[in-house]
Amino acid sequence: MEPNALLLLRPGVAPGLGSEKNSRPCRSRFTLIGRGNVWATLTGKSDRSLLIGGHIDSVPNGGWLDGCLNLLAGVEILRRIDEQYDGRPPITVRLVDWADEEGARFGKSLFGSSACSGNLDLEEARTLVDRDGVRLPDALKKVGIDLERAKESGSELKNAAGYLELHIEQGPVLLDLDLPLGAVLGTFGVERHAITFHGQAAHSGSTPMSVRKDAFLAAAKMSPEIYRIAAAQGGVCTIGSCTTKPGIVTSVVEECRITLDQRTLDAAGLAKMLEEAKEASLKFAQEGNVGVAWERIWQIEPVLFDSRLIDLCSEAIEETCGKPYRLPSGPLHDAAEVARAGVPTVMMFVQSLHGISHNKIEDTKEEHLELCVTAFDRLAAKAVQRFAHSQ
């Protein structure tokens with residue numbers, strides 16, 4: 001959570017114009033809000049504001065576009081709006097760099113945006129520690145941020161009329177469809193659990209198969225059923241880890257713990273996925289004469305974006321490349337927290353080569369980058385006009 005590079009921009013200088021020598025004055029002001037998020041504000045004739053946002057932080061050995069693409073595009077859009085309206089647009093336009101979106105250091109994603117939305121769990125945040133034993137509150141204090149006041153950043157959303165975010169897709173949907181851009185319908189809801197099957201350790205040579213209480217076998221039988229359930233509900237699921245005890249080749253497995261991540265955009269579908277997964281675990285536990293216990297690790301409801309802004313986003317894409325498409329987002333984004341705070345929100349995706357992100361090979365075609373910035377700028381222009389005329 002080091003201070004962001006945007007802080008190096010001189011107050012009173014238009015963003016993206018380079019050195020002071022060729023910079024020109026504008027009405028933009030750049031401030032570090034005391035809760036870690038960086039806000040650039042182009043003051044308009046109305047306090048009503050359009051927010052454009054994203055994050056610059058990345059993951060270790062991550063790619064070059066997640067997430068600086070959204071901030072760099074946003075800087076260019078601020079500059080264009082400043083030029084178009086001679087520094088005084090009809091509404092205020094603000095660019096925000098959300099602090100610690102990835103959560104790579106402390107394992108808690110969306111720190112800045114969840115603080116701003118009011119959804120940050122302070123009790124949990126106080127306990128977070130990095131790999132070197134540094135506590136999150138202490139790391140924040142070192143850069144001048146008081147964790148206990150983090151939610152005060154919500155005041156920044158007071159006059160927000162809408163929020164726009166650009167992002168690489170990070171998956172293969174647009175790639176497989178050979179489409180450059182997509183309007184995002186919302187972010188998947190998530191149910192994340194640890195499931196532990198409890199059996200009985202026994203000698204692997206002397207214990208007949210018919211009398212074993214094999215915890216691993218129950219988990220193994222359950223796994224394909226979990227994937228079938230996800231497919232039936234139009235969602236996705238991942239069994240990401242599996243640990244066994246005693247964990248030696250000469251013993252029947254006494255305990256098998258798996259982690260399950262379930263996601264879909266439909267709240268009812270997500271609930272059904274979870275219910276059917278629990279039923280499946282009980283079925284296979286009973287068949288194997290073992291016990292089973294569930295522990296929730298994390299949960300978030302599906303977040304649907306604003307239908308009117310989705311329409312504007314589709315229009316901007318169609319005008320730019322003639323091929324609008326709408327899709328959900330499996331990964332979470334800061335946009336989800338802004339939407340949860342009640343601000344009308346939409347995201348635009350640009351195609352990811354290889355369908356890969358959080359990896360050094362993450363990339364997007366240069367022509368697609370040009371298209372996404374052009375389309376995103378059109379979306380911002382449409383939003384400015386929409387909100388200016390609906391005051």
# chains A, B, ... in the order shown; residues from 1 in each chain; ligands from 1
>>> select_by_dssp(residues="range 266-321 of chain A", states="strand (DSSP E or B)", output="PyMOL selection string")
chain A and resi 291-300+303-304
>>> closest_atom_pairs(of="range 95-199 of chain A", to="range 79-91 of chain A", cutoff="12 Å", atoms="only C-alpha atoms", output="tab-separated table")
residue	atom	partner	partner_atom	distance
A:Leu95	CA	A:Arg79	CA	11.0
A:Asn159	CA	A:Ile91	CA	10.3
A:Ala160	CA	A:Ile91	CA	10.3
A:Ala161	CA	A:Ile91	CA	9.6
A:Gly162	CA	A:Ile91	CA	11.3
>>> write_last_selection(atoms="all heavy atoms", output="short mmCIF file (atom, residue, chain, number, x, y, z; two decimals), in the first residue's frame")
data_model
loop_
_atom_site.label_atom_id
_atom_site.label_comp_id
_atom_site.auth_asym_id
_atom_site.auth_seq_id
_atom_site.Cartn_x
_atom_site.Cartn_y
_atom_site.Cartn_z
N LEU A 95 -11.82 10.71 -11.11
CA LEU A 95 -11.08 9.47 -11.34
C LEU A 95 -10.56 8.97 -10.01
O LEU A 95 -9.96 9.73 -9.24
CB LEU A 95 -9.92 9.72 -12.30
CG LEU A 95 -8.99 8.52 -12.58
CD1 LEU A 95 -9.74 7.42 -13.32
CD2 LEU A 95 -7.77 8.97 -13.38
N ASN A 159 -22.16 12.50 -3.89
CA ASN A 159 -22.83 13.07 -5.05
C ASN A 159 -22.68 12.22 -6.30
O ASN A 159 -22.91 12.70 -7.42
CB ASN A 159 -22.30 14.48 -5.32
CG ASN A 159 -22.59 15.43 -4.18
OD1 ASN A 159 -23.71 15.50 -3.70
ND2 ASN A 159 -21.56 16.15 -3.73
N ALA A 160 -22.29 10.95 -6.13
CA ALA A 160 -22.03 10.10 -7.30
C ALA A 160 -23.31 9.73 -8.03
O ALA A 160 -24.24 9.18 -7.44
CB ALA A 160 -21.30 8.84 -6.85
N ALA A 161 -23.35 10.03 -9.32
CA ALA A 161 -24.50 9.66 -10.16
C ALA A 161 -24.26 8.34 -10.88
O ALA A 161 -25.21 7.65 -11.24
CB ALA A 161 -24.76 10.76 -11.19
N GLY A 162 -23.00 7.99 -11.08
CA GLY A 162 -22.69 6.75 -11.77
C GLY A 162 -21.21 6.44 -11.69
O GLY A 162 -20.39 7.31 -11.38
#
>>> residues_around(residues="Pro180 in chain A", least_positions_apart="3", cutoff="12 Å", atoms="only C-alpha atoms", output="PyMOL selection string")
chain A and resi 168-169+172-177+183+317-318+320-326+348-353+364-373+375
>>> select_by_dssp(residues="range 188-237 of chain A", states="helix (DSSP H, G or I)", output="JSON, numbers by chain")
{"A": [209, 210, 211, 215, 216, 217, 218, 219, 220, 221, 222, 223, 224, 225, 226, 227, 228, 229, 230, 231, 232]}
>>> write_last_selection(atoms="N, CA and C atoms", output="JSON list (two decimals), in the first residue's frame")
[["chain", "number", "residue", "atom", "x", "y", "z"],
["A", 209, "MET", "N", -11.54, -53.71, 1.88],
["A", 209, "MET", "CA", -12.18, -52.56, 1.25],
["A", 209, "MET", "C", -13.61, -52.36, 1.74],
["A", 210, "SER", "N", -14.29, -53.45, 2.02],
["A", 210, "SER", "CA", -15.71, -53.38, 2.36],
["A", 210, "SER", "C", -15.98, -52.76, 3.73],
["A", 211, "VAL", "N", -14.98, -52.71, 4.61],
["A", 211, "VAL", "CA", -15.22, -52.18, 5.96],
["A", 211, "VAL", "C", -14.48, -50.86, 6.22],
["A", 215, "ALA", "N", -12.27, -41.44, 4.22],
["A", 215, "ALA", "CA", -12.74, -40.06, 4.03],
["A", 215, "ALA", "C", -12.41, -39.53, 2.63],
["A", 216, "PHE", "N", -11.28, -39.93, 2.10],
["A", 216, "PHE", "CA", -10.90, -39.46, 0.77],
["A", 216, "PHE", "C", -11.84, -40.00, -0.30],
["A", 217, "LEU", "N", -12.26, -41.24, -0.17],
["A", 217, "LEU", "CA", -13.14, -41.84, -1.17],
["A", 217, "LEU", "C", -14.47, -41.08, -1.26],
["A", 218, "ALA", "N", -15.00, -40.67, -0.12],
["A", 218, "ALA", "CA", -16.25, -39.90, -0.12],
["A", 218, "ALA", "C", -16.05, -38.57, -0.83],
["A", 219, "ALA", "N", -14.94, -37.90, -0.55],
["A", 219, "ALA", "CA", -14.65, -36.62, -1.20],
["A", 219, "ALA", "C", -14.46, -36.80, -2.70],
["A", 220, "ALA", "N", -13.79, -37.88, -3.08],
["A", 220, "ALA", "CA", -13.54, -38.14, -4.50],
["A", 220, "ALA", "C", -14.83, -38.41, -5.26],
["A", 221, "LYS", "N", -15.75, -39.16, -4.65],
["A", 221, "LYS", "CA", -17.03, -39.43, -5.30],
["A", 221, "LYS", "C", -17.88, -38.16, -5.41],
["A", 222, "MET", "N", -17.76, -37.29, -4.43],
["A", 222, "MET", "CA", -18.54, -36.06, -4.43],
["A", 222, "MET", "C", -18.08, -35.09, -5.52],
["A", 223, "SER", "N", -16.81, -35.08, -5.83],
["A", 223, "SER", "CA", -16.24, -34.06, -6.71],
["A", 223, "SER", "C", -16.90, -33.95, -8.08],
["A", 224, "PRO", "N", -17.07, -35.02, -8.85],
["A", 224, "PRO", "CA", -17.72, -34.86, -10.15],
["A", 224, "PRO", "C", -19.17, -34.42, -10.03],
["A", 225, "GLU", "N", -19.85, -34.78, -8.95],
["A", 225, "GLU", "CA", -21.22, -34.35, -8.74],
["A", 225, "GLU", "C", -21.29, -32.83, -8.53],
["A", 226, "ILE", "N", -20.30, -32.27, -7.85],
["A", 226, "ILE", "CA", -20.23, -30.83, -7.63],
["A", 226, "ILE", "C", -20.13, -30.10, -8.96],
["A", 227, "TYR", "N", -19.34, -30.62, -9.86],
["A", 227, "TYR", "CA", -19.18, -29.98, -11.17],
["A", 227, "TYR", "C", -20.45, -30.12, -12.00],
["A", 228, "ARG", "N", -21.13, -31.23, -11.88],
["A", 228, "ARG", "CA", -22.39, -31.41, -12.60],
["A", 228, "ARG", "C", -23.42, -30.40, -12.12],
["A", 229, "ILE", "N", -23.48, -30.19, -10.80],
["A", 229, "ILE", "CA", -24.43, -29.24, -10.21],
["A", 229, "ILE", "C", -24.16, -27.83, -10.73],
["A", 230, "ALA", "N", -22.89, -27.43, -10.80],
["A", 230, "ALA", "CA", -22.54, -26.09, -11.29],
["A", 230, "ALA", "C", -22.97, -25.92, -12.73],
["A", 231, "ALA", "N", -22.72, -26.92, -13.56],
["A", 231, "ALA", "CA", -23.09, -26.84, -14.97],
["A", 231, "ALA", "C", -24.60, -26.73, -15.14],
["A", 232, "ALA", "N", -25.36, -27.44, -14.32],
["A", 232, "ALA", "CA", -26.82, -27.42, -14.41],
["A", 232, "ALA", "C", -27.38, -26.04, -14.07]]
>>> closest_residue(among="A:Ala194, A:Val184, A:Ala267, A:Leu332", to="Ile297 in chain A", atoms="only C-alpha atoms")
A:Ala194
>>> closest_residue(among="A:Ala316, A:Ala40, A:Leu50, A:Leu309", to="Thr345 in chain A", atoms="only C-alpha atoms")
A:Leu309
>>> closest_residue(among="A:Gln233, A:Ser153, A:Asn70, A:Thr187", to="Gly112 in chain A", atoms="only C-alpha atoms")
A:Ser153
>>> atom_distance(atom1="CA of Ala339 in chain A", atom2="CA of Ile239 in chain A")
28.7 Å
>>> residues_around(residues="Lys213 in chain A", least_positions_apart="3", cutoff="8 Å", atoms="only C-alpha atoms", output="mmCIF file with all heavy atoms, in the first residue's frame")
data_model
loop_
_atom_site.group_PDB
_atom_site.id
_atom_site.type_symbol
_atom_site.label_atom_id
_atom_site.label_comp_id
_atom_site.auth_asym_id
_atom_site.auth_seq_id
_atom_site.Cartn_x
_atom_site.Cartn_y
_atom_site.Cartn_z
ATOM 1 N N GLY A 199 -13.362 -39.895 8.593
ATOM 2 C CA GLY A 199 -13.448 -41.356 8.558
ATOM 3 C C GLY A 199 -12.663 -41.980 9.696
ATOM 4 O O GLY A 199 -12.654 -41.452 10.810
ATOM 5 N N GLN A 200 -11.978 -43.042 9.397
ATOM 6 C CA GLN A 200 -11.199 -43.732 10.428
ATOM 7 C C GLN A 200 -9.893 -44.229 9.825
ATOM 8 O O GLN A 200 -9.899 -44.896 8.775
ATOM 9 C CB GLN A 200 -11.983 -44.911 10.993
ATOM 10 C CG GLN A 200 -11.296 -45.605 12.151
ATOM 11 C CD GLN A 200 -12.163 -46.720 12.704
ATOM 12 O OE1 GLN A 200 -12.408 -47.725 12.046
ATOM 13 N NE2 GLN A 200 -12.639 -46.536 13.941
ATOM 14 N N ALA A 201 -8.797 -43.901 10.459
ATOM 15 C CA ALA A 201 -7.502 -44.398 10.008
ATOM 16 C C ALA A 201 -7.430 -45.908 10.245
ATOM 17 O O ALA A 201 -7.927 -46.420 11.253
ATOM 18 C CB ALA A 201 -6.378 -43.695 10.760
ATOM 19 N N VAL A 252 -5.362 -45.817 5.610
ATOM 20 C CA VAL A 252 -6.629 -45.311 5.084
ATOM 21 C C VAL A 252 -6.807 -43.878 5.591
ATOM 22 O O VAL A 252 -6.444 -43.555 6.723
ATOM 23 C CB VAL A 252 -7.798 -46.204 5.563
ATOM 24 C CG1 VAL A 252 -9.141 -45.620 5.150
ATOM 25 C CG2 VAL A 252 -7.622 -47.631 5.031
ATOM 26 N N VAL A 253 -7.394 -43.022 4.744
ATOM 27 C CA VAL A 253 -7.517 -41.609 5.100
ATOM 28 C C VAL A 253 -8.567 -41.408 6.190
ATOM 29 O O VAL A 253 -9.729 -41.766 6.034
ATOM 30 C CB VAL A 253 -7.871 -40.765 3.860
ATOM 31 C CG1 VAL A 253 -8.158 -39.319 4.261
ATOM 32 C CG2 VAL A 253 -6.727 -40.823 2.845
ATOM 33 N N GLU A 254 -8.122 -40.813 7.297
ATOM 34 C CA GLU A 254 -9.016 -40.536 8.412
ATOM 35 C C GLU A 254 -9.778 -39.227 8.220
ATOM 36 O O GLU A 254 -10.949 -39.115 8.588
ATOM 37 C CB GLU A 254 -8.201 -40.449 9.707
ATOM 38 C CG GLU A 254 -9.031 -40.097 10.938
ATOM 39 C CD GLU A 254 -8.184 -40.024 12.190
ATOM 40 O OE1 GLU A 254 -6.946 -39.858 12.063
ATOM 41 O OE2 GLU A 254 -8.741 -40.142 13.287
ATOM 42 N N GLY A 288 -20.251 -43.974 2.410
ATOM 43 C CA GLY A 288 -18.920 -44.396 2.858
ATOM 44 C C GLY A 288 -18.808 -44.583 4.353
ATOM 45 O O GLY A 288 -17.712 -44.859 4.852
ATOM 46 N N ASN A 289 -19.944 -44.421 5.074
ATOM 47 C CA ASN A 289 -19.948 -44.578 6.529
ATOM 48 C C ASN A 289 -18.960 -43.625 7.202
ATOM 49 O O ASN A 289 -18.224 -43.995 8.120
ATOM 50 C CB ASN A 289 -19.649 -46.035 6.914
ATOM 51 C CG ASN A 289 -20.071 -46.334 8.350
ATOM 52 O OD1 ASN A 289 -20.936 -45.655 8.925
ATOM 53 N ND2 ASN A 289 -19.451 -47.345 8.955
ATOM 54 N N VAL A 290 -18.925 -42.369 6.697
ATOM 55 C CA VAL A 290 -18.061 -41.339 7.280
ATOM 56 C C VAL A 290 -18.916 -40.113 7.616
ATOM 57 O O VAL A 290 -20.072 -40.006 7.193
ATOM 58 C CB VAL A 290 -16.915 -40.934 6.319
ATOM 59 C CG1 VAL A 290 -16.051 -42.141 5.987
ATOM 60 C CG2 VAL A 290 -17.458 -40.302 5.040
#
>>> atom_distance(atom1="CA of Lys141 in chain A", atom2="CA of His358 in chain A")
28.3 Å
>>> atom_distance(atom1="CA of Val96 in chain A", atom2="CA of Glu123 in chain A")
25.6 Å
>>> residues_around(residues="Arg340 in chain A", least_positions_apart="5", cutoff="9 Å", atoms="only C-alpha atoms", output="ChimeraX atom specification")
/A:117,119,303,335
